[in-house]
Amino acid sequence: MSVVIIGGNECMVRQYKNLCREYRCDAKVYPKQKSSLKGIGNPDLLVLFTGTVSHKMVRNALSETKGQDVKVVRSHTSSISALKNILEENAKQEEMVCPMK
């Protein structure tokens, strides 16, 4: 499963990626606004940490994934435990859809 995380803390990027790796997910993390979010690709899950990201960046991320089959999860907190809960919930759903992964 591929995951894109928008927002969060810059110092926690490595921890976000390590946690995603534990759940067998490929992760891209964008803690700050880039000039463009065109490189986010076609993720299975888009996590928006709304407490640490601007409205403009949320709009850009949503417009980049518009028309794609992407599950969007919004969380006000950008903690590791919040991400862990999101991944646990969505990894279970992914296993039900694709049990061979």
# chains A, B, ... in the order shown; residues from 1 in each chain; ligands from 1
$ residues_around --residues "region 77-89 of chain A" --least-positions-apart "4" --cutoff "10 Å" --atoms "only C-alpha atoms" --output "MDAnalysis selection string"
chainID A and resid 3 5:9 12 15:16 19:20 22:23 25 45 47:53 73 93:94
$ write_last_selection --atoms "N, CA and C atoms" --output "CSV table (one decimal), in the first residue's frame"
chain,number,residue,atom,x,y,z
A,3,VAL,N,1.4,5.3,0.7
A,3,VAL,CA,0.8,6.3,1.6
A,3,VAL,C,1.5,7.6,1.3
A,5,ILE,N,1.8,11.4,3.1
A,5,ILE,CA,1.4,12.2,4.3
A,5,ILE,C,1.7,13.6,4.0
A,6,ILE,N,0.7,14.4,4.2
A,6,ILE,CA,0.8,15.9,4.0
A,6,ILE,C,0.7,16.5,5.4
A,7,GLY,N,1.7,17.3,5.7
A,7,GLY,CA,1.8,18.0,7.0
A,7,GLY,C,2.7,17.2,8.0
A,8,GLY,N,2.4,17.5,9.3
A,8,GLY,CA,3.2,16.8,10.3
A,8,GLY,C,4.4,17.7,10.6
A,9,ASN,N,5.3,17.1,11.5
A,9,ASN,CA,6.5,17.8,11.9
A,9,ASN,C,7.7,17.4,11.1
A,12,MET,N,10.0,14.7,12.4
A,12,MET,CA,9.4,13.4,12.6
A,12,MET,C,9.3,12.6,11.3
A,15,GLN,N,10.6,9.1,11.4
A,15,GLN,CA,9.7,8.2,12.2
A,15,GLN,C,8.4,7.9,11.5
A,16,TYR,N,7.8,8.8,10.8
A,16,TYR,CA,6.7,8.5,9.9
A,16,TYR,C,7.0,7.4,8.9
A,19,LEU,N,7.5,4.0,10.6
A,19,LEU,CA,6.2,3.4,11.0
A,19,LEU,C,5.5,2.8,9.8
A,20,CYS,N,5.5,3.6,8.7
A,20,CYS,CA,4.8,3.1,7.5
A,20,CYS,C,5.5,1.8,7.0
A,22,GLU,N,6.9,-0.5,8.8
A,22,GLU,CA,6.5,-1.6,9.7
A,22,GLU,C,5.1,-2.1,9.2
A,23,TYR,N,4.3,-1.3,8.6
A,23,TYR,CA,3.0,-1.8,8.1
A,23,TYR,C,3.1,-2.1,6.6
A,25,CYS,N,4.1,-0.4,4.1
A,25,CYS,CA,3.6,0.7,3.2
A,25,CYS,C,4.8,1.5,2.7
A,45,LEU,N,-3.5,5.7,0.0
A,45,LEU,CA,-4.0,6.5,1.2
A,45,LEU,C,-3.4,7.8,1.3
A,47,VAL,N,-2.9,10.9,3.9
A,47,VAL,CA,-3.1,11.3,5.3
A,47,VAL,C,-2.9,12.8,5.3
A,48,LEU,N,-3.8,13.6,5.8
A,48,LEU,CA,-3.7,15.0,6.0
A,48,LEU,C,-3.7,15.4,7.5
A,49,PHE,N,-2.5,15.8,7.9
A,49,PHE,CA,-2.4,16.3,9.3
A,49,PHE,C,-2.8,17.8,9.3
A,50,THR,N,-4.1,18.0,9.6
A,50,THR,CA,-4.6,19.4,9.4
A,50,THR,C,-4.2,20.4,10.4
A,51,GLY,N,-3.6,19.9,11.5
A,51,GLY,CA,-3.2,20.9,12.5
A,51,GLY,C,-1.9,21.5,12.2
A,52,THR,N,-1.1,21.0,11.3
A,52,THR,CA,0.2,21.5,11.0
A,52,THR,C,0.4,21.8,9.5
A,53,VAL,N,-0.7,22.0,8.8
A,53,VAL,CA,-0.5,22.3,7.4
A,53,VAL,C,-1.5,23.4,7.0
A,73,VAL,N,-7.7,10.6,4.6
A,73,VAL,CA,-7.9,10.6,6.1
A,73,VAL,C,-7.4,11.9,6.6
A,93,GLN,N,-8.3,-2.9,6.4
A,93,GLN,CA,-9.2,-2.8,5.2
A,93,GLN,C,-8.5,-3.3,4.0
A,94,GLU,N,-7.2,-2.9,3.8
A,94,GLU,CA,-6.5,-3.3,2.6
A,94,GLU,C,-6.3,-4.9,2.6
$ select_by_dssp --residues "chain A" --states "helix (DSSP H, G or I)" --output "PyMOL selection string"
chain A and resi 10-22+38-40+50-52+55-64+80-97
$ closest_residue --among "A:Leu46, A:Met1, A:Leu62, A:Lys56" --to "Lys34 (chain A)" --atoms "only C-alpha atoms"
A:Lys56
$ select_by_dssp --residues "region 11-43 of chain A" --states "strand (DSSP E or B)" --output "ChimeraX atom specification"
/A:26-30
$ write_last_selection --atoms "C-alpha atoms" --output "mmCIF file, in the first residue's frame"
data_model
loop_
_atom_site.group_PDB
_atom_site.id
_atom_site.type_symbol
_atom_site.label_atom_id
_atom_site.label_comp_id
_atom_site.auth_asym_id
_atom_site.auth_seq_id
_atom_site.Cartn_x
_atom_site.Cartn_y
_atom_site.Cartn_z
ATOM 1 C CA ASP A 26 5.656 2.891 0.911
ATOM 2 C CA ALA A 27 5.491 6.450 2.216
ATOM 3 C CA LYS A 28 6.104 9.928 0.890
ATOM 4 C CA VAL A 29 6.031 12.718 3.456
ATOM 5 C CA TYR A 30 5.531 16.402 2.667
#
$ atom_distance --atom1 "CA of Arg24 (chain A)" --atom2 "CA of Ser75 (chain A)"
21.0 Å
$ closest_residue --among "A:Arg14, A:Lys38, A:Lys32, A:Arg21" --to "Thr65 (chain A)" --atoms "only C-alpha atoms"
A:Lys38
